[in-house]
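run-v7.cif (mmCIF, C-alpha atoms) appears below.
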```cif
data_structure
loop_
_atom_site.group_PDB
_atom_site.id
_atom_site.type_symbol
_atom_site.label_atom_id
_atom_site.label_comp_id
_atom_site.auth_asym_id
_atom_site.auth_seq_id
_atom_site.Cartn_x
_atom_site.Cartn_y
_atom_site.Cartn_z
ATOM 1 C CA MET A 1 5.044 -14.288 -3.068
ATOM 2 C CA LYS A 2 8.798 -14.398 -2.515
ATOM 3 C CA ARG A 3 10.796 -15.301 -5.604
ATOM 4 C CA SER A 4 13.514 -17.919 -5.690
ATOM 5 C CA TRP A 5 17.059 -16.880 -6.538
ATOM 6 C CA LYS A 6 16.794 -18.796 -9.817
ATOM 7 C CA GLU A 7 13.750 -16.780 -10.895
ATOM 8 C CA LEU A 8 15.465 -13.540 -9.883
ATOM 9 C CA LEU A 9 18.514 -14.529 -11.921
ATOM 10 C CA VAL A 10 16.386 -15.306 -14.979
ATOM 11 C CA ARG A 11 14.534 -11.994 -14.623
ATOM 12 C CA VAL A 12 17.834 -10.086 -14.424
ATOM 13 C CA VAL A 13 19.091 -11.906 -17.549
ATOM 14 C CA ILE A 14 15.856 -10.981 -19.359
ATOM 15 C CA LEU A 15 16.342 -7.367 -18.247
ATOM 16 C CA LEU A 16 19.911 -7.336 -19.581
ATOM 17 C CA VAL A 17 18.743 -8.721 -22.928
ATOM 18 C CA GLY A 18 16.046 -6.044 -23.115
ATOM 19 C CA LEU A 19 18.559 -3.396 -22.049
ATOM 20 C CA THR A 20 20.931 -4.470 -24.825
ATOM 21 C CA ILE A 21 18.135 -4.329 -27.424
ATOM 22 C CA ALA A 22 16.977 -0.929 -26.170
ATOM 23 C CA HIS A 23 20.465 0.567 -26.301
ATOM 24 C CA LEU A 24 21.010 -0.773 -29.799
ATOM 25 C CA GLY A 25 18.007 1.380 -30.667
ATOM 26 C CA VAL A 26 19.451 4.327 -28.752
ATOM 27 C CA THR A 27 22.742 3.937 -30.651
ATOM 28 C CA LEU A 28 20.976 4.002 -34.032
ATOM 29 C CA PHE A 29 18.965 6.996 -32.844
ATOM 30 C CA LEU A 30 22.094 8.895 -31.823
ATOM 31 C CA LEU A 31 24.110 7.946 -34.930
ATOM 32 C CA ALA A 32 21.335 9.349 -37.137
ATOM 33 C CA ASN A 33 22.400 12.686 -35.600
ATOM 34 C CA LEU A 34 18.979 14.338 -35.849
ATOM 35 C CA GLY A 35 18.581 15.321 -32.221
ATOM 36 C CA SER A 36 18.830 13.785 -28.769
ATOM 37 C CA ASP A 37 16.090 11.915 -26.905
ATOM 38 C CA PRO A 38 13.740 13.924 -24.613
ATOM 39 C CA PHE A 39 15.435 12.917 -21.365
ATOM 40 C CA ASN A 40 18.847 14.000 -22.653
ATOM 41 C CA VAL A 41 17.375 17.302 -23.855
ATOM 42 C CA LEU A 42 16.333 17.870 -20.231
ATOM 43 C CA VAL A 43 19.783 16.838 -18.995
ATOM 44 C CA GLN A 44 21.433 19.107 -21.549
ATOM 45 C CA GLY A 45 19.269 22.055 -20.495
ATOM 46 C CA ILE A 46 20.031 21.527 -16.804
ATOM 47 C CA PHE A 47 23.749 21.081 -17.561
ATOM 48 C CA ARG A 48 23.914 24.295 -19.597
ATOM 49 C CA THR A 49 21.938 26.270 -17.008
ATOM 50 C CA ILE A 50 24.119 25.143 -14.088
ATOM 51 C CA SER A 51 27.296 25.762 -16.105
ATOM 52 C CA ARG A 52 26.109 29.254 -17.035
ATOM 53 C CA LEU A 53 25.134 30.185 -13.472
ATOM 54 C CA THR A 54 28.070 28.630 -11.633
ATOM 55 C CA GLY A 55 30.861 28.352 -14.196
ATOM 56 C CA TRP A 56 31.766 24.867 -12.934
ATOM 57 C CA SER A 57 34.346 23.481 -15.367
ATOM 58 C CA VAL A 58 34.222 19.970 -13.891
ATOM 59 C CA LEU A 59 30.533 19.573 -14.679
ATOM 60 C CA THR A 60 29.787 17.536 -17.816
ATOM 61 C CA HIS A 61 26.672 16.272 -19.574
ATOM 62 C CA GLY A 62 27.525 12.742 -18.416
ATOM 63 C CA TYR A 63 27.826 13.734 -14.758
ATOM 64 C CA THR A 64 24.559 15.672 -14.995
ATOM 65 C CA HIS A 65 22.865 12.610 -16.547
ATOM 66 C CA VAL A 66 24.007 10.374 -13.680
ATOM 67 C CA ALA A 67 22.965 13.002 -11.112
ATOM 68 C CA MET A 68 19.474 13.231 -12.666
ATOM 69 C CA CYS A 69 19.137 9.432 -12.624
ATOM 70 C CA PHE A 70 20.048 9.318 -8.944
ATOM 71 C CA LEU A 71 17.678 12.210 -8.194
ATOM 72 C CA ILE A 72 14.781 10.346 -9.829
ATOM 73 C CA ILE A 73 15.649 7.207 -7.879
ATOM 74 C CA ILE A 74 15.764 9.152 -4.596
ATOM 75 C CA VAL A 75 12.356 10.736 -5.286
ATOM 76 C CA LEU A 76 10.848 7.356 -6.118
ATOM 77 C CA LEU A 77 12.354 5.820 -2.994
ATOM 78 C CA ILE A 78 10.357 8.418 -1.085
ATOM 79 C CA VAL A 79 7.186 7.942 -3.156
ATOM 80 C CA ASP A 80 7.214 4.144 -3.435
ATOM 81 C CA LYS A 81 10.458 2.233 -2.935
ATOM 82 C CA SER A 82 8.951 -0.973 -4.380
ATOM 83 C CA TYR A 83 9.697 0.378 -7.865
ATOM 84 C CA ILE A 84 13.457 0.523 -7.227
ATOM 85 C CA LYS A 85 15.102 -2.840 -7.917
ATOM 86 C CA ILE A 86 18.514 -4.224 -8.809
ATOM 87 C CA GLY A 87 17.742 -3.768 -12.490
ATOM 88 C CA THR A 88 17.452 -0.010 -12.010
ATOM 89 C CA LEU A 89 21.085 0.133 -10.930
ATOM 90 C CA LEU A 90 22.085 -2.214 -13.758
ATOM 91 C CA CYS A 91 20.410 0.126 -16.244
ATOM 92 C CA MET A 92 22.474 3.006 -14.907
ATOM 93 C CA VAL A 93 25.754 1.068 -14.949
ATOM 94 C CA CYS A 94 25.385 -0.894 -18.204
ATOM 95 C CA GLY A 95 23.675 1.592 -20.521
ATOM 96 C CA GLY A 96 26.741 3.669 -21.378
ATOM 97 C CA PRO A 97 29.107 0.736 -22.121
ATOM 98 C CA ILE A 98 26.449 -0.925 -24.311
ATOM 99 C CA ILE A 99 26.045 2.253 -26.374
ATOM 100 C CA ASP A 100 29.841 2.571 -26.660
ATOM 101 C CA PHE A 101 30.047 -1.058 -27.852
ATOM 102 C CA PHE A 102 27.402 -0.643 -30.558
ATOM 103 C CA THR A 103 28.770 2.766 -31.564
ATOM 104 C CA GLY A 104 32.191 1.249 -32.239
ATOM 105 C CA ILE A 105 30.618 -1.358 -34.512
ATOM 106 C CA LEU A 106 28.040 0.772 -36.311
ATOM 107 C CA SER A 107 29.606 4.240 -36.595
ATOM 108 C CA PRO A 108 31.747 3.345 -39.677
ATOM 109 C CA LEU A 109 28.466 2.756 -41.566
ATOM 110 C CA PHE A 110 27.386 6.369 -41.066
ATOM 111 C CA THR A 111 28.757 9.169 -43.235
ATOM 112 C CA GLU A 112 28.280 12.938 -43.174
ATOM 113 C CA ASP A 113 26.777 12.941 -46.675
ATOM 114 C CA MET A 114 24.096 10.370 -45.821
ATOM 115 C CA TYR A 115 20.677 11.327 -47.209
ATOM 116 C CA LEU A 116 18.190 12.851 -44.781
ATOM 117 C CA GLY A 117 15.582 10.253 -45.776
ATOM 118 C CA THR A 118 18.009 7.456 -44.871
ATOM 119 C CA LYS A 119 18.741 9.103 -41.529
ATOM 120 C CA LEU A 120 15.016 9.390 -40.795
ATOM 121 C CA LEU A 121 14.473 5.695 -41.573
ATOM 122 C CA ILE A 122 17.384 4.745 -39.298
ATOM 123 C CA LEU A 123 16.072 7.036 -36.587
ATOM 124 C CA CYS A 124 12.560 5.504 -36.747
ATOM 125 C CA LEU A 125 14.071 2.010 -36.706
ATOM 126 C CA GLY A 126 16.156 2.979 -33.686
ATOM 127 C CA CYS A 127 13.081 4.347 -31.883
ATOM 128 C CA ALA A 128 11.138 1.128 -32.595
ATOM 129 C CA ILE A 129 14.012 -1.067 -31.343
ATOM 130 C CA LEU A 130 14.365 1.171 -28.277
ATOM 131 C CA ALA A 131 10.629 0.856 -27.545
ATOM 132 C CA PHE A 132 10.678 -2.943 -27.865
ATOM 133 C CA GLY A 133 13.757 -3.363 -25.676
ATOM 134 C CA MET A 134 12.296 -0.968 -23.120
ATOM 135 C CA THR A 135 9.125 -3.068 -22.798
ATOM 136 C CA ILE A 136 11.211 -6.231 -22.275
ATOM 137 C CA VAL A 137 13.083 -4.430 -19.494
ATOM 138 C CA ILE A 138 9.862 -3.242 -17.868
ATOM 139 C CA LYS A 139 8.124 -6.632 -18.104
ATOM 140 C CA SER A 140 11.153 -8.447 -16.674
ATOM 141 C CA ASP A 141 9.994 -6.901 -13.385
ATOM 142 C CA ALA A 142 13.599 -6.705 -12.242
ATOM 143 C CA GLY A 143 13.812 -2.930 -12.518
ATOM 144 C CA THR A 144 14.035 -0.380 -15.321
ATOM 145 C CA GLY A 145 15.850 2.787 -16.322
ATOM 146 C CA PRO A 146 15.338 5.764 -13.987
ATOM 147 C CA ASN A 147 13.672 7.945 -16.628
ATOM 148 C CA ASP A 148 11.318 5.128 -17.704
ATOM 149 C CA LEU A 149 10.393 4.664 -14.061
ATOM 150 C CA VAL A 150 8.706 8.049 -14.069
ATOM 151 C CA ALA A 151 6.256 6.925 -16.771
ATOM 152 C CA VAL A 152 5.765 3.492 -15.180
ATOM 153 C CA VAL A 153 4.970 4.909 -11.745
ATOM 154 C CA ILE A 154 2.585 7.568 -13.064
ATOM 155 C CA SER A 155 0.850 4.974 -15.270
ATOM 156 C CA ASP A 156 0.414 2.576 -12.341
ATOM 157 C CA LYS A 157 -0.706 5.226 -9.872
ATOM 158 C CA THR A 158 -3.218 6.906 -12.188
ATOM 159 C CA GLY A 159 -4.416 3.897 -14.173
ATOM 160 C CA ARG A 160 -3.619 5.692 -17.444
ATOM 161 C CA LYS A 161 -2.238 3.890 -20.490
ATOM 162 C CA PHE A 162 1.557 3.696 -20.466
ATOM 163 C CA SER A 163 1.755 4.894 -24.083
ATOM 164 C CA VAL A 164 -0.152 8.093 -23.228
ATOM 165 C CA VAL A 165 1.795 8.748 -20.025
ATOM 166 C CA ARG A 166 5.100 8.203 -21.821
ATOM 167 C CA ILE A 167 4.229 10.893 -24.372
ATOM 168 C CA VAL A 168 3.242 13.344 -21.612
ATOM 169 C CA VAL A 169 6.491 12.658 -19.714
ATOM 170 C CA ASP A 170 8.613 13.039 -22.850
ATOM 171 C CA VAL A 171 6.905 16.286 -23.877
ATOM 172 C CA THR A 172 7.392 17.640 -20.335
ATOM 173 C CA PHE A 173 11.106 16.769 -20.497
ATOM 174 C CA LEU A 174 11.320 18.478 -23.900
ATOM 175 C CA VAL A 175 9.615 21.701 -22.830
ATOM 176 C CA VAL A 176 11.579 22.072 -19.584
ATOM 177 C CA GLY A 177 14.847 21.104 -21.268
ATOM 178 C CA PHE A 178 14.293 23.511 -24.172
ATOM 179 C CA VAL A 179 13.444 26.401 -21.827
ATOM 180 C CA LEU A 180 16.661 25.710 -19.913
ATOM 181 C CA GLY A 181 18.737 25.666 -23.095
ATOM 182 C CA GLY A 182 18.575 22.120 -24.400
ATOM 183 C CA ALA A 183 18.737 21.561 -28.174
ATOM 184 C CA ILE A 184 15.803 19.966 -30.003
ATOM 185 C CA GLY A 185 16.060 18.331 -33.437
ATOM 186 C CA ILE A 186 13.567 16.612 -35.693
ATOM 187 C CA GLY A 187 14.658 13.299 -34.208
ATOM 188 C CA THR A 188 13.775 14.514 -30.728
ATOM 189 C CA ILE A 189 10.230 15.344 -31.799
ATOM 190 C CA ILE A 190 9.822 11.999 -33.586
ATOM 191 C CA CYS A 191 11.114 10.152 -30.521
ATOM 192 C CA ALA A 192 8.750 12.001 -28.185
ATOM 193 C CA GLY A 193 5.679 11.080 -30.239
ATOM 194 C CA PHE A 194 6.795 7.672 -31.503
ATOM 195 C CA VAL A 195 8.359 5.693 -28.659
ATOM 196 C CA GLY A 196 5.356 5.803 -26.308
ATOM 197 C CA PRO A 197 2.743 4.382 -28.728
ATOM 198 C CA VAL A 198 5.176 1.757 -30.084
ATOM 199 C CA ALA A 199 6.046 0.707 -26.535
ATOM 200 C CA GLY A 200 2.330 0.483 -25.742
ATOM 201 C CA PHE A 201 1.891 -1.776 -28.786
ATOM 202 C CA PHE A 202 4.777 -4.059 -27.811
ATOM 203 C CA MET A 203 3.931 -4.206 -24.089
ATOM 204 C CA PRO A 204 1.485 -7.186 -24.132
ATOM 205 C CA TYR A 205 3.730 -9.153 -26.499
ATOM 206 C CA SER A 206 6.776 -8.515 -24.319
ATOM 207 C CA GLU A 207 4.811 -9.697 -21.286
ATOM 208 C CA LYS A 208 4.008 -12.970 -23.091
ATOM 209 C CA ILE A 209 7.669 -13.421 -24.049
ATOM 210 C CA VAL A 210 8.832 -12.887 -20.463
ATOM 211 C CA LYS A 211 6.221 -15.291 -19.065
ATOM 212 C CA LEU A 212 7.175 -17.868 -21.688
ATOM 213 C CA VAL A 213 10.857 -17.661 -20.722
ATOM 214 C CA LEU A 214 9.931 -17.922 -17.035
ATOM 215 C CA GLY A 215 7.755 -20.962 -17.740
ATOM 216 C CA LEU A 216 4.605 -19.196 -16.551
ATOM 217 C CA GLN A 217 2.910 -19.461 -19.932
ATOM 218 C CA LYS A 218 2.700 -22.094 -22.653
ATOM 219 C CA PHE A 219 2.534 -21.616 -26.407
#
```

Before we go any further, please render this structure as structure tokens.
Amino acid sequence: MKRSWKELLVRVVILLVGLTIAHLGVTLFLLANLGSDPFNVLVQGIFRTISRLTGWSVLTHGYTHVAMCFLIIIVLLIVDKSYIKIGTLLCMVCGGPIIDFFTGILSPLFTEDMYLGTKLLILCLGCAILAFGMTIVIKSDAGTGPNDLVAVVISDKTGRKFSVVRIVVDVTFLVVGFVLGGAIGIGTIICAGFVGPVAGFFMPYSEKIVKLVLGLQKF
């Protein structure tokens, strides 16, 4: 059934709210400074490998990240273009500025002599917030981040639980990225095993929230 422009607008707003929540989690995760997330480990490995083989000085981690996002989108356009929506592009455009915004606010709270236990708590909190925001984005059905699309598509096509598929995708990113030269920290390992199950837990609740906002479900 074709959606009205008002419903599309509401779904995009829901996506942006979820995107903001998710990137608050990403910011906390990064400020804990215990390792990057699995997708960025892959990006880092590819970036380092290309730089080593070609010596391109203009290539940066950020450019490689954007290139990988576009590559995933192109592949999915070939596989099933119905998964690519306006929200996918919004995720690519808005993610960086949101992280920069939260980093400016939160970074003064983090010090080099912060206890490891405190960093681990912040990291786990960041992963949980990331997982919740990610499920809001997915259930908005207005699009999602390119890397999350991989897990969503595989889950839909195979009928496997999203939480399980997400772990498999993250571990794959980690292994390939590490082999190519990406750095792995304790936070990376926690993220790979933590985000998927937490997202799977939040998924039905996020769906209810989205339906409630859209007026498709009552209390």

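Take the candidates A:Thr118, A:Ser140, A:Thr188, A:Thr64 and check each one against Glu7 of chain A using all atoms listed in the file; the shortest distance goes to A:Ser140.
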
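Distances to Val168 of chain A were evaluated for A:Leu180, A:Ile154, A:Ile136, A:Leu120 using only C-alpha atoms, and the minimum falls at A:Ile154.
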
Evaluate the PyMOL selection byres ((chain A and resi 196-211) around 7) here and jot the selected residues down as JSON, numbers by chain.
{"A": [128, 131, 132, 135, 136, 139, 140, 162, 163, 164, 166, 167, 193, 194, 195, 212, 213, 214, 215, 216, 217]}

Give the answer as one residue: which of A:Tyr63, A:Tyr83, A:Phe47, A:Phe178 has the shortest atom-to-atom distance to Asp156 of chain A, using all atoms listed in the file?
A:Tyr83

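Shortest atom-to-atom contact with Gly87 of chain A among A:Leu15, A:Val10, A:Ile72, A:Leu174: A:Leu15, counting all atoms listed in the file.
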
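Between atom CA of Ile98 of chain A and atom CA of Val176 of chain A there is a distance of 27.8 Å.
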
I need every residue sitting at most 9 Å from the point (5.2, 7.7, -8.4) (coordinates as in the file, only C-alpha atoms considered), written as an MDAnalysis selection string.
chainID A and resid 75:76 78:80 83 149:157

Atom CA of Leu71 of chain A to atom CA of Thr49 of chain A, straight-line distance in Å:
17.1 Å

From the set A:Leu9, A:Leu116, A:Leu30, A:Ile189, which residue has the shortest atom-to-atom contact distance to Val171 of chain A, counting only C-alpha atoms?
A:Ile189

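Closest approach to Cys69 of chain A among A:Asn147, A:Thr172, A:Asn33, A:Gln44 is made by A:Asn147 (distances from all atoms listed in the file).
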
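With atom CA of Phe70 of chain A on one side and atom CA of Ile99 of chain A on the other, the separation reads 19.7 Å.
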
Can you tell me which residues surround Met92 of chain A at a distance of at most 10 Å, considering only C-alpha atoms, apart from same-chain residues fewer than 3 positions away, and format the answer as a ChimeraX atom specification?
/A:65-66,69-70,87-89,95-96,144-146

Quick one: everything within 7 Å of Gly181 of chain A, counting all atoms listed in the file, minus sequence neighbours fewer than 4 positions away in the same chain. Send it as a short mmCIF file (atom, residue, chain, number, x, y, z; two decimals) with C-alpha atoms, keeping the file's coordinate frame.
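Saved result, selection.cif, follows:
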```
data_model
loop_
_atom_site.label_atom_id
_atom_site.label_comp_id
_atom_site.auth_asym_id
_atom_site.auth_seq_id
_atom_site.Cartn_x
_atom_site.Cartn_y
_atom_site.Cartn_z
CA GLY A 45 19.27 22.06 -20.50
CA ARG A 48 23.91 24.30 -19.60
CA THR A 49 21.94 26.27 -17.01
CA GLY A 177 14.85 21.10 -21.27
#
```

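Residues matching the PyMOL selection byres ((chain A and resi 123) around 10) in this structure come to A:Gly25, A:Val26, A:Thr27, A:Leu28, A:Phe29, A:Leu30, A:Leu31, A:Ala32, A:Asn33, A:Leu34, A:Gly35, A:Gly117, A:Thr118, A:Lys119, A:Leu120, A:Leu121, A:Ile122, A:Cys124, A:Leu125, A:Gly126, A:Cys127, A:Ala128, A:Ile129, A:Ile186, A:Gly187, A:Thr188, A:Ile190, A:Cys191.
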
Report as AutoDock Vina command-line options the centre and the edge lengths, in Å to one decimal, of the axis-aligned box holding every listed atom of segment 126-139 of chain A, padded by 3 Å on each side.
```
--center_x 12.1 --center_y -1.1 --center_z -25.8 --size_x 14.0 --size_y 17.0 --size_z 21.8
```

Can you give me all heavy atoms for segment 173-184 of chain A, written as a compact mmCIF listing (two decimals), in the coordinates of the input?
```
# COMPACT_ATOMS: atom_id res chain seq x y z
N PHE A 173 9.64 16.70 -20.47
CA PHE A 173 11.11 16.77 -20.50
C PHE A 173 11.58 17.74 -21.59
O PHE A 173 12.50 18.54 -21.38
CB PHE A 173 11.71 15.39 -20.75
CG PHE A 173 11.65 14.46 -19.57
CD1 PHE A 173 11.91 13.10 -19.72
CD2 PHE A 173 11.35 14.92 -18.31
CE1 PHE A 173 11.86 12.24 -18.64
CE2 PHE A 173 11.29 14.07 -17.21
CZ PHE A 173 11.56 12.72 -17.38
N LEU A 174 10.94 17.64 -22.76
CA LEU A 174 11.32 18.48 -23.90
C LEU A 174 11.12 19.96 -23.59
O LEU A 174 12.01 20.78 -23.83
CB LEU A 174 10.49 18.10 -25.14
CG LEU A 174 10.93 16.89 -25.95
CD1 LEU A 174 10.00 16.71 -27.14
CD2 LEU A 174 12.35 17.04 -26.42
N VAL A 175 9.94 20.30 -23.09
CA VAL A 175 9.62 21.70 -22.83
C VAL A 175 10.55 22.29 -21.78
O VAL A 175 11.13 23.37 -21.98
CB VAL A 175 8.15 21.84 -22.38
CG1 VAL A 175 7.87 23.27 -21.92
CG2 VAL A 175 7.20 21.45 -23.51
N VAL A 176 10.71 21.58 -20.66
CA VAL A 176 11.58 22.07 -19.58
C VAL A 176 13.02 22.16 -20.07
O VAL A 176 13.72 23.15 -19.83
CB VAL A 176 11.49 21.16 -18.34
CG1 VAL A 176 12.48 21.61 -17.27
CG2 VAL A 176 10.07 21.17 -17.77
N GLY A 177 13.48 21.11 -20.77
CA GLY A 177 14.85 21.10 -21.27
C GLY A 177 15.10 22.22 -22.26
O GLY A 177 16.15 22.89 -22.21
N PHE A 178 14.14 22.46 -23.16
CA PHE A 178 14.29 23.51 -24.17
C PHE A 178 14.33 24.89 -23.52
O PHE A 178 15.15 25.73 -23.89
CB PHE A 178 13.14 23.44 -25.17
CG PHE A 178 13.20 24.47 -26.26
CD1 PHE A 178 14.14 24.37 -27.27
CD2 PHE A 178 12.33 25.56 -26.25
CE1 PHE A 178 14.20 25.34 -28.27
CE2 PHE A 178 12.39 26.52 -27.24
CZ PHE A 178 13.33 26.40 -28.25
N VAL A 179 13.47 25.12 -22.54
CA VAL A 179 13.44 26.40 -21.83
C VAL A 179 14.78 26.66 -21.13
O VAL A 179 15.27 27.79 -21.08
CB VAL A 179 12.29 26.43 -20.80
CG1 VAL A 179 12.41 27.65 -19.89
CG2 VAL A 179 10.94 26.45 -21.52
N LEU A 180 15.39 25.58 -20.63
CA LEU A 180 16.66 25.71 -19.91
C LEU A 180 17.87 25.77 -20.85
O LEU A 180 18.99 25.97 -20.40
CB LEU A 180 16.82 24.54 -18.93
CG LEU A 180 15.85 24.50 -17.76
CD1 LEU A 180 16.08 23.25 -16.91
CD2 LEU A 180 16.00 25.75 -16.88
N GLY A 181 17.63 25.54 -22.14
CA GLY A 181 18.74 25.67 -23.10
C GLY A 181 19.10 24.40 -23.83
O GLY A 181 20.11 24.36 -24.55
N GLY A 182 18.31 23.36 -23.69
CA GLY A 182 18.58 22.12 -24.40
C GLY A 182 18.23 22.24 -25.87
O GLY A 182 17.34 23.01 -26.25
N ALA A 183 18.95 21.49 -26.72
CA ALA A 183 18.74 21.56 -28.17
C ALA A 183 17.75 20.49 -28.62
O ALA A 183 17.81 19.34 -28.18
CB ALA A 183 20.06 21.37 -28.91
N ILE A 184 16.81 20.89 -29.49
CA ILE A 184 15.80 19.97 -30.00
C ILE A 184 15.96 19.84 -31.52
O ILE A 184 16.07 20.85 -32.22
CB ILE A 184 14.38 20.47 -29.68
CG1 ILE A 184 14.14 20.47 -28.17
CG2 ILE A 184 13.33 19.58 -30.37
CD1 ILE A 184 12.77 21.00 -27.77
```
